[in-house]
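Student: Got a structure for you, run-v3.txt, holding compact mmCIF, C-alpha atoms.
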```txt
# COMPACT_ATOMS: atom_id res chain seq x y z
CA MET A 817 -18.92 63.90 -36.31
CA PHE A 818 -21.57 62.69 -38.77
CA ALA A 819 -21.83 58.88 -39.12
CA LEU A 820 -19.17 58.37 -36.46
CA GLY A 821 -20.70 55.01 -35.50
CA THR A 822 -20.39 53.70 -39.06
CA LEU A 823 -16.82 54.95 -39.28
CA ILE A 824 -15.93 53.15 -36.03
CA ASN A 825 -17.62 49.97 -37.27
CA THR A 826 -15.85 50.15 -40.63
CA PHE A 827 -12.47 50.70 -38.97
CA ALA A 828 -13.02 47.80 -36.55
CA ILE A 829 -13.84 45.39 -39.39
CA ALA A 830 -10.90 46.56 -41.51
CA LEU A 831 -8.53 46.25 -38.54
CA ALA A 832 -9.83 42.76 -37.74
CA GLY A 833 -9.27 41.75 -41.37
CA LEU A 834 -5.76 43.16 -41.31
CA LEU A 835 -4.82 41.41 -38.07
CA GLY A 836 -6.45 38.19 -39.24
CA SER A 837 -4.45 38.27 -42.49
CA TRP A 838 -1.22 38.96 -40.59
CA PHE A 839 -1.59 36.21 -38.05
CA GLY A 840 -3.80 33.78 -39.95
CA HIS A 841 -0.81 32.07 -41.53
CA LEU A 842 0.36 31.05 -38.06
CA LEU A 843 -2.60 28.69 -37.90
CA ASN A 844 -2.33 25.35 -39.66
CA GLU A 845 -5.20 23.80 -41.63
CA ARG A 846 -6.54 21.95 -38.58
CA HIS A 847 -6.66 25.17 -36.54
CA GLN A 848 -8.37 27.06 -39.37
CA SER A 849 -10.92 24.28 -39.78
CA GLY A 850 -11.65 24.36 -36.05
CA LEU A 851 -12.08 28.15 -36.05
CA THR A 852 -14.38 27.94 -39.07
CA MET A 853 -16.55 25.36 -37.33
CA ALA A 854 -16.55 27.38 -34.09
CA SER A 855 -17.58 30.60 -35.83
CA GLY A 856 -20.24 28.75 -37.83
CA ILE A 857 -21.75 27.18 -34.70
CA ALA A 858 -21.68 30.54 -32.87
CA ILE A 859 -23.49 32.22 -35.77
CA LEU A 860 -25.97 29.33 -35.92
CA PHE A 861 -26.95 29.84 -32.29
CA LEU A 862 -27.09 33.62 -32.67
CA GLY A 863 -29.59 33.06 -35.46
CA ILE A 864 -31.53 30.45 -33.50
CA SER A 865 -31.83 32.63 -30.39
CA GLY A 866 -33.02 35.64 -32.37
CA SER A 867 -35.46 33.54 -34.39
CA LEU A 868 -37.00 31.86 -31.36
CA GLU A 869 -37.34 35.21 -29.60
CA GLY A 870 -39.40 36.48 -32.51
CA LEU A 871 -41.37 33.31 -33.24
CA LEU A 872 -42.33 32.23 -29.72
CA THR A 873 -44.35 34.09 -27.13
CA LEU A 874 -45.72 33.27 -23.66
CA VAL A 875 -49.53 33.43 -23.39
CA ASP A 876 -51.28 32.39 -20.17
CA GLY A 877 -48.26 30.36 -19.12
CA GLN A 878 -48.06 28.50 -22.43
CA ILE A 879 -45.53 28.95 -25.21
CA THR A 880 -47.19 29.63 -28.55
CA SER A 881 -45.78 30.36 -31.98
CA GLN A 882 -46.43 33.54 -33.93
CA LYS A 883 -45.45 35.29 -37.17
CA SER A 884 -45.10 32.01 -39.06
CA MET A 885 -46.88 33.43 -42.11
CA LEU A 886 -44.78 36.60 -41.92
CA LEU A 887 -41.64 34.46 -41.97
CA VAL A 888 -42.76 32.38 -44.96
CA MET A 889 -43.95 35.40 -46.96
CA SER A 890 -40.87 37.47 -46.16
CA LEU A 891 -38.45 34.74 -47.21
CA ALA A 892 -40.43 33.88 -50.35
CA LEU A 893 -40.94 37.49 -51.43
CA GLY A 894 -37.41 38.48 -50.47
CA THR A 895 -35.98 35.58 -52.46
CA LEU A 896 -38.07 36.51 -55.49
CA ILE A 897 -37.06 40.18 -55.35
CA GLY A 898 -33.44 39.24 -54.76
CA GLU A 899 -33.42 36.93 -57.78
CA VAL A 900 -35.18 39.47 -60.02
CA LEU A 901 -32.79 42.25 -59.04
CA HIS A 902 -29.88 39.76 -58.94
CA ILE A 903 -28.61 41.27 -55.68
CA GLU A 904 -26.17 38.41 -55.14
CA GLY A 905 -24.68 39.18 -58.55
CA TRP A 906 -24.08 42.81 -57.54
CA PHE A 907 -22.42 41.65 -54.35
CA GLU A 908 -20.23 39.30 -56.38
CA LYS A 909 -19.28 42.09 -58.78
CA LEU A 910 -18.29 44.27 -55.83
CA GLY A 911 -16.26 41.40 -54.39
CA ILE A 912 -14.53 40.76 -57.73
CA TRP A 913 -13.77 44.48 -58.12
CA LEU A 914 -12.29 44.62 -54.61
CA ARG A 915 -10.28 41.46 -55.26
CA GLU A 916 -8.79 42.96 -58.42
CA ARG A 917 -8.12 46.35 -56.85
CA SER A 918 -6.45 44.83 -53.80
CA GLY A 919 -4.12 42.65 -55.87
CA LYS A 920 -5.74 39.41 -54.66
CA ALA A 921 -6.75 38.18 -58.12
CA GLN A 922 -5.18 34.76 -57.49
CA ASP A 923 -6.96 34.25 -54.18
CA SER A 924 -9.63 31.62 -54.94
CA GLN A 925 -11.21 31.98 -51.47
CA PHE A 926 -11.52 35.78 -51.58
CA LEU A 927 -15.04 35.98 -53.02
CA ASP A 928 -16.60 33.35 -50.73
CA ALA A 929 -14.99 34.93 -47.66
CA PHE A 930 -16.15 38.40 -48.71
CA LEU A 931 -19.76 37.35 -49.36
CA THR A 932 -20.08 35.30 -46.17
CA ALA A 933 -18.56 38.01 -43.97
CA SER A 934 -20.55 40.82 -45.63
CA LEU A 935 -23.87 39.08 -45.05
CA THR A 936 -22.92 38.28 -41.45
CA VAL A 937 -22.06 41.87 -40.46
CA CYS A 938 -24.71 43.65 -42.56
CA ILE A 939 -27.80 41.59 -41.72
CA GLY A 940 -29.68 42.34 -38.51
CA ALA A 941 -31.62 45.00 -36.68
CA MET A 942 -28.53 46.23 -34.84
CA ALA A 943 -27.02 47.58 -38.07
CA ILE A 944 -30.19 49.44 -39.06
CA LEU A 945 -31.24 50.67 -35.63
CA GLY A 946 -27.69 51.68 -34.72
CA ALA A 947 -27.24 53.60 -37.97
CA MET A 948 -30.58 55.36 -37.43
CA GLN A 949 -29.72 56.38 -33.87
CA ASP A 950 -26.42 57.71 -35.16
CA GLY A 951 -28.16 59.77 -37.84
CA LEU A 952 -31.03 61.08 -35.71
CA ARG A 953 -29.36 61.73 -32.38
CA GLY A 954 -25.66 61.30 -32.97
CA ASP A 955 -25.77 58.31 -30.60
CA TYR A 956 -23.27 55.72 -31.83
CA THR A 957 -23.42 53.49 -28.73
CA LEU A 958 -25.19 50.60 -30.46
CA LEU A 959 -22.80 50.66 -33.41
CA ALA A 960 -19.85 50.76 -31.01
CA ILE A 961 -21.11 47.55 -29.40
CA LYS A 962 -21.65 46.03 -32.85
CA SER A 963 -18.09 47.03 -33.75
CA VAL A 964 -16.70 44.89 -30.93
CA LEU A 965 -18.76 41.88 -32.02
CA ASP A 966 -17.87 42.39 -35.69
CA PHE A 967 -14.18 42.69 -34.83
CA ILE A 968 -14.18 39.26 -33.20
CA ILE A 969 -16.24 37.66 -35.98
CA ILE A 970 -14.18 39.11 -38.84
CA PHE A 971 -10.86 38.29 -37.16
CA ILE A 972 -11.89 34.64 -36.90
CA MET A 973 -13.37 34.59 -40.41
CA THR A 974 -10.24 36.14 -41.93
CA ALA A 975 -8.02 33.59 -40.22
CA SER A 976 -10.22 30.67 -41.26
CA LEU A 977 -11.96 31.68 -44.51
CA GLY A 978 -9.51 34.11 -46.08
CA LYS A 979 -8.53 37.73 -46.53
CA GLY A 980 -11.74 38.60 -48.36
CA ALA A 981 -13.59 38.72 -45.03
CA GLY A 982 -11.88 41.96 -44.02
CA PHE A 983 -13.18 43.71 -47.13
CA SER A 984 -16.72 43.40 -45.76
CA ALA A 985 -15.89 46.81 -44.25
CA VAL A 986 -16.83 48.31 -47.63
CA PRO A 987 -20.50 47.15 -47.81
CA VAL A 988 -20.91 47.93 -44.10
CA PHE A 989 -19.74 51.49 -44.73
CA LEU A 990 -22.06 51.86 -47.73
CA PHE A 991 -25.07 50.19 -46.10
CA GLN A 992 -24.96 51.78 -42.65
CA GLY A 993 -23.77 55.11 -44.01
CA SER A 994 -26.76 55.25 -46.36
CA ILE A 995 -29.18 54.50 -43.51
CA THR A 996 -27.57 57.19 -41.35
CA SER A 997 -27.89 59.70 -44.19
CA LEU A 998 -31.55 58.80 -44.81
CA ALA A 999 -32.44 58.33 -41.12
CA ARG A 1000 -34.99 61.15 -40.97
CA LEU A 1001 -36.78 59.88 -44.05
CA ILE A 1002 -37.14 56.25 -42.93
CA GLU A 1003 -37.73 56.96 -39.22
CA PRO A 1004 -41.57 56.80 -39.55
CA LEU A 1005 -41.27 53.31 -41.04
CA MET A 1006 -39.05 51.92 -38.27
CA THR A 1007 -41.73 51.32 -35.63
CA GLU A 1008 -41.13 48.98 -32.71
CA GLN A 1009 -43.08 46.24 -34.51
CA ALA A 1010 -41.17 46.79 -37.75
CA LEU A 1011 -37.84 46.45 -35.93
CA ALA A 1012 -39.04 43.28 -34.20
CA ASN A 1013 -40.04 41.78 -37.56
CA LEU A 1014 -36.74 42.87 -39.07
CA SER A 1015 -34.85 41.22 -36.22
CA LEU A 1016 -36.78 37.96 -36.75
CA ILE A 1017 -36.12 37.72 -40.48
CA GLY A 1018 -32.53 38.84 -40.04
CA SER A 1019 -31.96 36.14 -37.42
CA VAL A 1020 -33.29 33.46 -39.77
CA LEU A 1021 -30.91 34.67 -42.49
CA ILE A 1022 -28.03 34.68 -40.00
CA PHE A 1023 -28.91 31.05 -39.18
CA GLY A 1024 -28.64 30.27 -42.90
CA ILE A 1025 -25.19 31.87 -43.00
CA GLY A 1026 -24.13 29.67 -40.08
CA VAL A 1027 -25.30 26.57 -41.95
CA ASN A 1028 -23.21 27.58 -44.96
CA ILE A 1029 -20.11 28.10 -42.82
CA VAL A 1030 -20.48 24.78 -40.98
CA ASN A 1031 -20.95 22.94 -44.28
```
Take the structure in the file and write it out as structure tokens.

Tutor:
Amino acid sequence: MFALGTLINTFAIALAGLLGSWFGHLLNERHQSGLTMASGIAILFLGISGSLEGLLTLVDGQITSQKSMLLVMSLALGTLIGEVLHIEGWFEKLGIWLRERSGKAQDSQFLDAFLTASLTVCIGAMAILGAMQDGLRGDYTLLAIKSVLDFIIIFIMTASLGKGAGFSAVPVFLFQGSITSLARLIEPLMTEQALANLSLIGSVLIFGIGVNIVN
């Protein structure tokens, strides 16, 4: 089946959101606060580990840094492009539309939970590489692994941040599905070095998400 990996990933996130919304009310405010802090710290260290793997290298027995300029330029240029195109605004509009359509108009936490969860599960080389493997070879193994991780993350986020987290299944479906559909066109661009750079920048962004959750 075409894009089976993305379908599995989408279903896993939606199911996690559903279960989190069902059982989240069983947790009092102290439990939710603890889960939020735990998920934030976990995401922080996921970002740190990925960032250090890309920034540090071992040369003649000594640890040296690399790609510092790539990191600075990527973040600066990405921020500029994002602000010009107002990507965050489009994400917010999608979140507001989903909130209205799902009958959650009175849920003040919906939008923040949706944005935080969407960035967490969409950013990273695993999403792009997995979607490409699915499109080129029908191999959904990587996305199946990602589905398990996303299930755990979204379940915790839904219980602690709100029901909006489960609706991150929508941008995941659109994002990974698009990559799977265009896999043959973008394959020449996704060299080993390009994926390594993508993983580095994605890890730094994931670290930023963790900071937001902890705060």

Student: Write out as number ranges by chain each polymer residue whose atoms come within 12 Å of segment 992-995 of chain A, counting only C-alpha atoms; drop sequence neighbours fewer than 4 positions from it.

Tutor: A: 818-826, 937-952, 956, 959, 962, 985-988, 999-1003, 1006

Student: So which residues touch segment 871-881 of chain A within 10 Å, counting only C-alpha atoms, skipping near sequence neighbours fewer than 4 positions away, as a PyMOL selection string?

Tutor: chain A and resi 865-867+886-887+1013+1016-1017

Student: Need the shell around segment 896-908 of chain A: protein/DNA/RNA residues with any atom at most 10 Å away, counting only C-alpha atoms. Skip same-chain ones fewer than 4 positions apart. Format as a list in words?

Tutor: Ser890, Leu891, Ala892, Ile912, Trp913, Leu914, Leu927, Asp928, Phe930, Leu931, Ser934, Leu935 and Pro987 of chain A

Student: Can you tell me which residues surround Ile970 of chain A at a distance of at most 9 Å, considering all atoms listed in the file, apart from same-chain residues fewer than 6 positions away, and format the answer as a PyMOL selection string?

Tutor: chain A and resi 829-830+832-833+836+933+937+981-982+984

Student: Quick one, how far is atom CA of Leu1011 of chain A from atom CA of Gly863 of chain A?

Tutor: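 Taking atom CA of Leu1011 of chain A and atom CA of Gly863 of chain A, their separation equals 15.7 Å.
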
Student: Which one of A:Lys920, A:His847, A:Arg953, A:Lys909 sits closest to Lys979 of chain A if you count only C-alpha atoms?

Tutor: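 That would be A:Lys920, the residue with the smallest distance to Lys979 of chain A.
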
Student: Taking into account only C-alpha atoms, which residue in the set A:Val888, A:Ile857, A:Leu990, A:Met973 is nearest to Asn1031 of chain A?

Tutor: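 With only C-alpha atoms as the atom set, the closest residue is A:Ile857.
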
Student: Find the distance between atom CA of Thr895 of chain A and atom CA of Gly1018 of chain A and write it in Å to one decimal.

Tutor: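 These two atoms are separated by 13.3 Å.
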
Student: Can you tell me how far atom CA of Gly978 of chain A sits from atom CA of Val1030 of chain A, in Å to one decimal?

Tutor: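 Going from atom CA of Gly978 of chain A over to atom CA of Val1030 of chain A, I get 15.3 Å.
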